[in-house]
Structure formats: structure tokens, C-alpha cells
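In what follows, a single structure is set out as C-alpha cells and then discussed.
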Amino acid sequence: MIITIHDPETNTTASIDSFGAQLISLKDPSHKEYIWQRDPDIWPRCSPLLFPVVGNCRNGRTHIEGTWYEMEKHGFCKESDFTVKEHTSSSAVFCLTDNDTTLRSYPYHFILSLSYQLKKGILSLDYSVENPESRDIIYCIGSHPGFRCPLEDGEAFEEYFLEFEKEENTCSMVYDLDAMEINPARQGISLSHTRLLPLSYQLFREDAIYFDPIRSRKVSLIHGKTRRGVEVSYPGFETIAFWTPYGKNAPFLCIEPWNGCAIRTDEDDDLLHRHHLQTVKPGQTKSYHMEIRIL
């Protein structure tokens with residue numbers, strides 16, 4: 001089911017597909033589209049919700065409380081149909097609970113919600129994980145929206161840059177494509193006392209660019225001359241990644257706030273030992289906030 005919400009103050013619209021609860025459209029008052037429109041030949045998704053893992057597990061499986069579970073990359077939400085719990089003209093709430101399919105790869109009962117609200121031209125996304133169990137539940141969670149880049153005909157990907165909220169002095173961790181693991185000992189893209197990262201497709205020759213640590217909780221994707229683009233705020237997330245498929249000259253960039261990441265060389269296969277692991281106590285709920293603003 002496709003749900004469309006509207007902000008009458010700015011005439012901004014957003015559309016969300018209940019299958020995956022993924023954002024499939026964000027348009028400004030001129031009807032300019034800012035979200036990557038799915039293409040199976042390049043990338044068949046546009047904004048998957050990552051849960052209960054971010055990235056891949058080693059050999060496609062993980063160890064939870066003494067038992068091995070098969071776990072696909074980024075978890076099962078992208079193949080799950082969420083229930084539309086609430087819907088108004090400017091907001092919508094999507095919900096997924098455990099079922100026979102999820103329990104085959106993840107042994108916990110849970111209530112996962114993702115709410116969208118359009119107000120004053122800002123799209124707010126609020127993720128929440130409720131624990132109905134009598135024990136702690138553990139997981140990782142992340143966002144993966146793909147933004148059109150370039151936005152206009154005649155523009156080039158290389159004319160855009162990322163602008164961070166704060167001056168950064170950090171290096172990305174390299175994803176070893178042969179081992180399919182993040183290697184924190186290998187330094188990739190360097191941010192040396194700067195807020196800016198000019199874009200090029202060559203930056204992604206070793207897959208996603210993943211920054212941990214990162215000081216900023218806001219980043220903008222901007223065209224160098226027009227200053228048009230999007231701003232993504234992610235106060236509820238601890239790290240950030242950027243991705244576009246290398247070698248395809250794809251006209252989009254994913255901005256991915258994460259709590260978690262693909263399996264690292266310094267981790268074993270137990271989900272409990274993953275970096276940035278999240279825990280919710282019995283009967284409690286943990287929430288994560290994110291915002292998208294058109295520039």
C-alpha cells in the first residue's frame with residue numbers, strides 16, 4: 001500500500017510504501033523528486049529500514065543466545081509488509097511485529113514502528129523498538145535513503161559535495177570486499193579538519209564510506225553552484241555511511257545513519273558483541289529520530 005502525506009504550508013509531499021515502510025518519494029512545491037526511483041538494473045530499493053542488523057553477518061549467519069540464525073544483509077524489514085497503524089493528511093505510522101518469518105532468523109518478540117510526519121517542509125522520521133518480552137532484546141538499526149544526485153539534467157555527480165555540521169577529523173573504515181568485513185585497521189577516506197567532502201564515483205570503489213567516529217549529527221548533500229540538495233539530521237544515530245554502487249555511474253547517493261555496521265574483523269559472530277549494539281529492557285521502548293529537509 002502506498003501512503004502519501006502532504007504539508008499544506010509548503011506544499012511538500014512524501015510517499016511511503018508499506019512494503020518495507022520505505023520512503024519512495026519526496027517532492028518540493030515544484031514537484032521536483034528528491035528520492036531515487038527504484039531501478040532493478042542498478043538498485044531495486046530506495047530507502048530500506050535496516051533491522052535487526054546493519055550490513056552483513058559473517059557467512060550470512062549470526063549467533064544469538066546459544067543458537068545460530070541465518071540472517072540476510074540488513075535484516076528482514078526490506079521484505080516485510082508493515083501495517084499502517086495511523087494515517088492523517090500529514091503523517092503516517094507503520095508497524096511490524098514478530099511473526100513466523102522473523103522468528104526463524106531473530107528469536108525475539110518485538111514491535112517496530114516507523115512514523116513519518118511532514119511539517120514546515122521537514123520530513124521527520126521516528127523509529128521505535130518496543131520490547132514485549134520478559135528479557136532484554138538486542139539489535140542494530142539503521143536508515144538507508146537514496147537521494148537523486150544529480151538533481152537536474154546537465155549536472156554531474158562530481159559537482160556535488162557533502163557538508164557536515166561540524167569540522168571533522170576522522171577516516172572511514174574500509175570494507176574488505178574479499179572477506180566481506182569492515183576492517184577498522186584500514187583507513188579509507190580522510191576528513192582532515194574539514195566540513196566538506198567533494199563527491200566522485202571513485203570514492204566508492206571499495207563500497208560504502210563508513211565514518212566511526214563522527215562528530216556531526218547533520219549532513220547536507222549540495223550542488224556546488226546552485227546550493228540545492230537535501231539536509232539529513234540524525235540525532236538518534238551514532239555513525240554515518242554513504243553509498244552508491246561503484247562502476248554504474250548511478251544518479252543517486254545514499255545517506256545512511258547507523259547504529260551498527262557490517263561485521264567487523266575485530267568482532268566474533270555473536271550479535272551481542274557487535275559495535276553500537278542496542279538493548280531494550282522488558283516492557284520498555286527505545287526511539288530514534290531523523291529529519292530530511294529540502295534545501
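Every chain in the C-alpha cells has a letter given in the order shown (A, B, ...), and although residue numbers restart at 1 in each chain, ligands are simply numbered from 1 in the order shown.
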
Compile the contact shell of segment 278-280 of chain A as a ChimeraX atom specification: residues with an atom at most 6 Å away, counting only C-alpha atoms, same-chain residues fewer than 2 positions apart removed.
/A:136-140

Print the selection's residues with N, CA and C atoms to a file, as a PDB file, in the first residue's frame.
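Below is the file out_15.pdb, written as the result:
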```pdb
ATOM      1  N   ASP A 136      15.767  -8.881  28.041  1.00  0.00           N
ATOM      2  CA  ASP A 136      16.290  -7.846  27.151  1.00  0.00           C
ATOM      3  C   ASP A 136      16.245  -8.332  25.710  1.00  0.00           C
ATOM      4  N   ILE A 137      16.011  -7.413  24.765  1.00  0.00           N
ATOM      5  CA  ILE A 137      16.209  -7.741  23.361  1.00  0.00           C
ATOM      6  C   ILE A 137      17.337  -6.873  22.825  1.00  0.00           C
ATOM      7  N   ILE A 138      18.097  -7.427  21.868  1.00  0.00           N
ATOM      8  CA  ILE A 138      19.252  -6.746  21.301  1.00  0.00           C
ATOM      9  C   ILE A 138      19.098  -6.670  19.788  1.00  0.00           C
ATOM     10  N   TYR A 139      19.687  -5.628  19.191  1.00  0.00           N
ATOM     11  CA  TYR A 139      19.550  -5.420  17.754  1.00  0.00           C
ATOM     12  C   TYR A 139      20.453  -4.269  17.331  1.00  0.00           C
ATOM     13  N   CYS A 140      20.615  -4.118  16.035  1.00  0.00           N
ATOM     14  CA  CYS A 140      21.166  -2.910  15.423  1.00  0.00           C
ATOM     15  C   CYS A 140      20.068  -2.306  14.553  1.00  0.00           C
TER      16      CYS A 140
END
```

Which residues, written as number ranges by chain, have at least one atom at most 12 Å from Asp212 of chain A, with only C-alpha atoms counted and residues fewer than 3 positions away on the same chain left out?
A: 168-174, 182-184, 187-191, 209, 215-216, 237-241, 257-261, 275-276

Using only C-alpha atoms, which protein or nucleic acid residues come within 12 Å of Leu123 of chain A? Drop anything in the same chain fewer than 2 positions from it, and give the result as a PyMOL selection string.
chain A and resi 5-7+10+12-16+23+25-28+90-92+115-121+125-126+230-233+289-294

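Distances from A:Ile35, A:Ile2, A:Ala156, A:Ala262 to Val84 of chain A were compared using only C-alpha atoms, and the smallest one belongs to A:Ile2.
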
Taking only C-alpha atoms into account, which of A:His74, A:His144, A:Arg228, A:Arg104 comes nearest Ile255 of chain A?
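Of A:His74, A:His144, A:Arg228, A:Arg104, the one nearest Ile255 of chain A is A:His144, counting only C-alpha atoms.
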
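With only C-alpha atoms as the atoms that count, the residue of A:Leu112, A:Ile263, A:Leu277, A:Leu196 with the shortest distance to Gly224 of chain A is A:Leu196.
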
Suppose you want the space between atom CA of Pro235 of chain A and atom CA of Asn56 of chain A; what is it in Å?
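Atom-to-atom, atom CA of Pro235 of chain A to atom CA of Asn56 of chain A, that is 24.0 Å.
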
When DSSP is applied to the backbone of this structure, which of segment 59-291 of chain A are assigned strand (DSSP E)? Write them out as a PyMOL selection string.
chain A and resi 61-64+67-70+83-87+91-97+111-119+122-130+137-139+141-143+146-148+160-176+181-198+209-211+218-223+229-233+239-243+252-259+278-280+285-291

Given the selection you just returned, output its residues as a file containing C-alpha atoms, formatted as a short mmCIF file (atom, residue, chain, number, x, y, z; two decimals), in the first residue's frame.
```cif
data_model
loop_
_atom_site.label_atom_id
_atom_site.label_comp_id
_atom_site.auth_asym_id
_atom_site.auth_seq_id
_atom_site.Cartn_x
_atom_site.Cartn_y
_atom_site.Cartn_z
CA ARG A 61 24.53 -16.02 9.91
CA THR A 62 24.78 -14.81 13.50
CA HIS A 63 24.87 -16.34 16.97
CA ILE A 64 22.16 -15.28 19.45
CA THR A 67 21.81 -20.62 18.70
CA TRP A 68 22.89 -19.92 15.12
CA TYR A 69 20.46 -18.00 12.89
CA GLU A 70 20.58 -17.31 9.17
CA THR A 83 0.79 -2.49 8.96
CA VAL A 84 -0.44 1.07 8.51
CA LYS A 85 -1.21 1.87 12.15
CA GLU A 86 -2.14 5.54 11.71
CA HIS A 87 -2.64 7.86 8.77
CA SER A 91 1.59 11.85 8.91
CA ALA A 92 1.63 8.07 8.89
CA VAL A 93 2.79 5.31 11.23
CA PHE A 94 3.93 1.88 10.02
CA CYS A 95 4.32 -1.10 12.33
CA LEU A 96 5.94 -4.54 12.14
CA THR A 97 5.73 -7.21 14.83
CA ILE A 111 7.12 -4.10 18.00
CA LEU A 112 8.95 -1.98 15.43
CA SER A 113 7.37 1.30 14.35
CA LEU A 114 8.40 3.96 11.86
CA SER A 115 6.43 7.20 11.79
CA TYR A 116 6.64 9.89 9.12
CA GLN A 117 5.46 13.48 9.54
CA LEU A 118 5.66 16.44 7.16
CA LYS A 119 5.64 19.82 8.87
CA ILE A 122 10.68 18.98 7.09
CA LEU A 123 10.10 15.24 6.89
CA SER A 124 10.54 13.72 10.35
CA LEU A 125 11.20 10.00 10.72
CA ASP A 126 10.82 8.43 14.16
CA TYR A 127 11.87 4.83 14.67
CA SER A 128 10.86 2.97 17.81
CA VAL A 129 11.54 -0.52 19.12
CA GLU A 130 9.26 -1.81 21.87
CA ILE A 137 16.21 -7.74 23.36
CA ILE A 138 19.25 -6.75 21.30
CA TYR A 139 19.55 -5.42 17.75
CA ILE A 141 19.15 -0.36 13.46
CA GLY A 142 19.80 1.99 10.58
CA SER A 143 18.37 4.08 7.76
CA GLY A 146 18.83 7.16 -1.57
CA PHE A 147 18.76 10.74 -2.86
CA ARG A 148 18.84 11.74 -6.51
CA TYR A 160 28.05 17.82 -5.58
CA PHE A 161 29.64 17.64 -2.15
CA LEU A 162 28.81 16.62 1.40
CA GLU A 163 28.83 19.33 4.02
CA PHE A 164 28.99 18.18 7.64
CA GLU A 165 27.53 20.05 10.57
CA LYS A 166 30.87 20.17 12.37
CA GLU A 167 34.52 20.19 11.38
CA GLU A 168 35.61 16.56 11.19
CA ASN A 169 38.97 14.91 11.68
CA THR A 170 38.40 11.22 11.03
CA CYS A 171 38.93 8.42 8.49
CA SER A 172 36.46 5.98 7.07
CA MET A 173 36.80 2.28 7.80
CA VAL A 174 37.45 0.20 4.68
CA TYR A 175 35.08 -2.62 3.75
CA ASP A 176 37.16 -5.60 2.63
CA GLU A 181 34.10 -7.46 6.57
CA ILE A 182 34.82 -3.94 7.73
CA ASN A 183 38.47 -3.63 8.68
CA PRO A 184 38.90 -0.80 11.23
CA ALA A 185 42.69 -1.09 10.87
CA ARG A 186 42.49 0.03 7.22
CA GLN A 187 41.95 3.74 6.74
CA GLY A 188 39.98 4.94 3.76
CA ILE A 189 38.61 8.40 3.03
CA SER A 190 40.14 11.06 5.25
CA LEU A 191 38.40 14.12 6.63
CA SER A 192 41.20 16.35 7.93
CA HIS A 193 39.85 19.28 9.92
CA THR A 194 37.16 19.96 7.34
CA ARG A 195 33.40 20.04 6.96
CA LEU A 196 33.46 19.22 3.24
CA LEU A 197 33.78 16.03 1.19
CA PRO A 198 33.67 16.58 -2.61
CA ILE A 209 32.18 5.07 3.05
CA TYR A 210 31.65 4.49 6.78
CA PHE A 211 32.66 7.03 9.41
CA LYS A 218 23.72 16.59 10.44
CA VAL A 219 25.00 16.43 6.87
CA SER A 220 23.91 18.06 3.60
CA LEU A 221 24.18 16.85 0.01
CA ILE A 222 24.62 20.03 -2.04
CA HIS A 223 25.34 21.12 -5.61
CA GLY A 229 20.03 19.43 -2.33
CA VAL A 230 18.96 17.88 0.96
CA GLU A 231 19.93 18.11 4.60
CA VAL A 232 19.76 14.99 6.77
CA SER A 233 19.74 15.28 10.57
CA THR A 239 27.57 6.73 12.93
CA ILE A 240 27.05 7.56 9.25
CA ALA A 241 27.72 5.84 5.93
CA PHE A 242 27.44 6.93 2.29
CA TRP A 243 26.98 4.66 -0.70
CA PHE A 252 21.94 8.76 -6.55
CA LEU A 253 23.72 8.82 -3.21
CA CYS A 254 22.56 7.06 -0.07
CA ILE A 255 22.97 8.87 3.25
CA GLU A 256 22.82 6.21 5.94
CA PRO A 257 22.66 6.95 9.68
CA TRP A 258 23.50 3.74 11.53
CA ASN A 259 23.57 2.23 14.99
CA GLN A 278 21.18 -1.50 21.00
CA THR A 279 19.39 -3.00 24.02
CA VAL A 280 15.81 -2.53 25.21
CA THR A 285 10.72 1.32 24.18
CA LYS A 286 13.75 2.92 22.56
CA SER A 287 13.32 5.66 19.92
CA TYR A 288 15.50 7.20 17.20
CA HIS A 289 14.88 10.47 15.37
CA MET A 290 15.90 11.61 11.90
CA GLU A 291 14.90 14.54 9.66
#
```

Mind checking which residues fall within 10 Å of Arg135 of chain A, counting only C-alpha atoms, ignoring those fewer than 3 positions away in the same chain, and posting them as a PDB file with N, CA and C atoms, in the first residue's frame?
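Here's the written file part.pdb:
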```pdb
ATOM      1  N   TYR A 108      13.488 -12.940  18.953  1.00  0.00           N
ATOM      2  CA  TYR A 108      12.815 -12.071  19.907  1.00  0.00           C
ATOM      3  C   TYR A 108      11.445 -11.615  19.405  1.00  0.00           C
ATOM      4  N   HIS A 109      10.540 -11.395  20.371  1.00  0.00           N
ATOM      5  CA  HIS A 109       9.303 -10.687  20.080  1.00  0.00           C
ATOM      6  C   HIS A 109       9.610  -9.191  20.127  1.00  0.00           C
ATOM      7  N   ASN A 131       9.835  -3.534  23.460  1.00  0.00           N
ATOM      8  CA  ASN A 131      10.164  -4.883  23.916  1.00  0.00           C
ATOM      9  C   ASN A 131       9.011  -5.457  24.740  1.00  0.00           C
ATOM     10  N   PRO A 132       8.222  -6.381  24.173  1.00  0.00           N
ATOM     11  CA  PRO A 132       7.147  -7.025  24.932  1.00  0.00           C
ATOM     12  C   PRO A 132       7.621  -8.269  25.682  1.00  0.00           C
ATOM     13  N   ILE A 138      18.097  -7.427  21.868  1.00  0.00           N
ATOM     14  CA  ILE A 138      19.252  -6.746  21.301  1.00  0.00           C
ATOM     15  C   ILE A 138      19.098  -6.670  19.788  1.00  0.00           C
ATOM     16  N   VAL A 280      17.035  -3.047  24.617  1.00  0.00           N
ATOM     17  CA  VAL A 280      15.807  -2.534  25.210  1.00  0.00           C
ATOM     18  C   VAL A 280      15.389  -3.478  26.333  1.00  0.00           C
ATOM     19  N   LYS A 281      15.141  -2.914  27.496  1.00  0.00           N
ATOM     20  CA  LYS A 281      14.712  -3.678  28.660  1.00  0.00           C
ATOM     21  C   LYS A 281      13.265  -4.134  28.500  1.00  0.00           C
ATOM     22  N   PRO A 282      12.852  -5.164  29.238  1.00  0.00           N
ATOM     23  CA  PRO A 282      11.468  -5.651  29.148  1.00  0.00           C
ATOM     24  C   PRO A 282      10.450  -4.548  29.419  1.00  0.00           C
ATOM     25  N   GLY A 283       9.454  -4.472  28.553  1.00  0.00           N
ATOM     26  CA  GLY A 283       8.384  -3.502  28.723  1.00  0.00           C
ATOM     27  C   GLY A 283       8.741  -2.084  28.343  1.00  0.00           C
TER      28      GLY A 283
END
```

With only C-alpha atoms as the counted atoms, please give the residues lying no more than 12 Å from Gln202 of chain A, apart from itself and same-chain residues fewer than 3 positions off, as a list in words.
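Surrounding residues, per the criterion: Phe157, Glu158, Gly188, Ile189, Pro198, Leu199, Arg205, Glu206, Asp207, Ala208, Ile209, Trp243, Thr244, Pro245, Tyr246, Gly247, Lys248 and Asn249 of chain A.
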
Write out the residues from the selection above, keeping C-alpha atoms, as a PDB file, in the first residue's frame.
```pdb
ATOM      1  CA  PHE A 157      27.656  13.724  -9.700  1.00  0.00           C
ATOM      2  CA  GLU A 158      31.088  15.307  -9.235  1.00  0.00           C
ATOM      3  CA  GLY A 188      39.976   4.938   3.757  1.00  0.00           C
ATOM      4  CA  ILE A 189      38.614   8.396   3.027  1.00  0.00           C
ATOM      5  CA  PRO A 198      33.670  16.583  -2.612  1.00  0.00           C
ATOM      6  CA  LEU A 199      31.983  13.671  -4.353  1.00  0.00           C
ATOM      7  CA  ARG A 205      35.482   1.756  -5.312  1.00  0.00           C
ATOM      8  CA  GLU A 206      35.628  -0.162  -2.005  1.00  0.00           C
ATOM      9  CA  ASP A 207      31.882   0.037  -1.373  1.00  0.00           C
ATOM     10  CA  ALA A 208      30.316   2.281   1.278  1.00  0.00           C
ATOM     11  CA  ILE A 209      32.175   5.070   3.054  1.00  0.00           C
ATOM     12  CA  TRP A 243      26.982   4.656  -0.700  1.00  0.00           C
ATOM     13  CA  THR A 244      26.383   4.498  -4.414  1.00  0.00           C
ATOM     14  CA  PRO A 245      27.117   1.360  -6.462  1.00  0.00           C
ATOM     15  CA  TYR A 246      30.625   1.603  -7.873  1.00  0.00           C
ATOM     16  CA  GLY A 247      31.036   1.176 -11.620  1.00  0.00           C
ATOM     17  CA  LYS A 248      27.427   2.027 -12.506  1.00  0.00           C
ATOM     18  CA  ASN A 249      27.564   5.836 -12.522  1.00  0.00           C
TER      19      ASN A 249
END
```

For the structure I just gave you, how does DSSP split segment 68-219 of chain A - specifically, which residues are alpha helix (DSSP H)? Reply as a list in words.
Asp100, Thr101, Thr102 and Leu103 of chain A

N, CA and C atoms of the current selection, written as a PDB file, in the first residue's frame:
```pdb
ATOM      1  N   ASP A 100       6.209 -15.636  12.145  1.00  0.00           N
ATOM      2  CA  ASP A 100       6.913 -16.898  11.884  1.00  0.00           C
ATOM      3  C   ASP A 100       8.176 -16.672  11.054  1.00  0.00           C
ATOM      4  N   THR A 101       8.116 -15.746  10.098  1.00  0.00           N
ATOM      5  CA  THR A 101       9.280 -15.479   9.248  1.00  0.00           C
ATOM      6  C   THR A 101      10.401 -14.826  10.039  1.00  0.00           C
ATOM      7  N   THR A 102      10.098 -13.790  10.823  1.00  0.00           N
ATOM      8  CA  THR A 102      11.152 -13.103  11.573  1.00  0.00           C
ATOM      9  C   THR A 102      11.755 -14.007  12.635  1.00  0.00           C
ATOM     10  N   LEU A 103      10.938 -14.851  13.256  1.00  0.00           N
ATOM     11  CA  LEU A 103      11.438 -15.698  14.334  1.00  0.00           C
ATOM     12  C   LEU A 103      12.401 -16.770  13.839  1.00  0.00           C
TER      13      LEU A 103
END
```
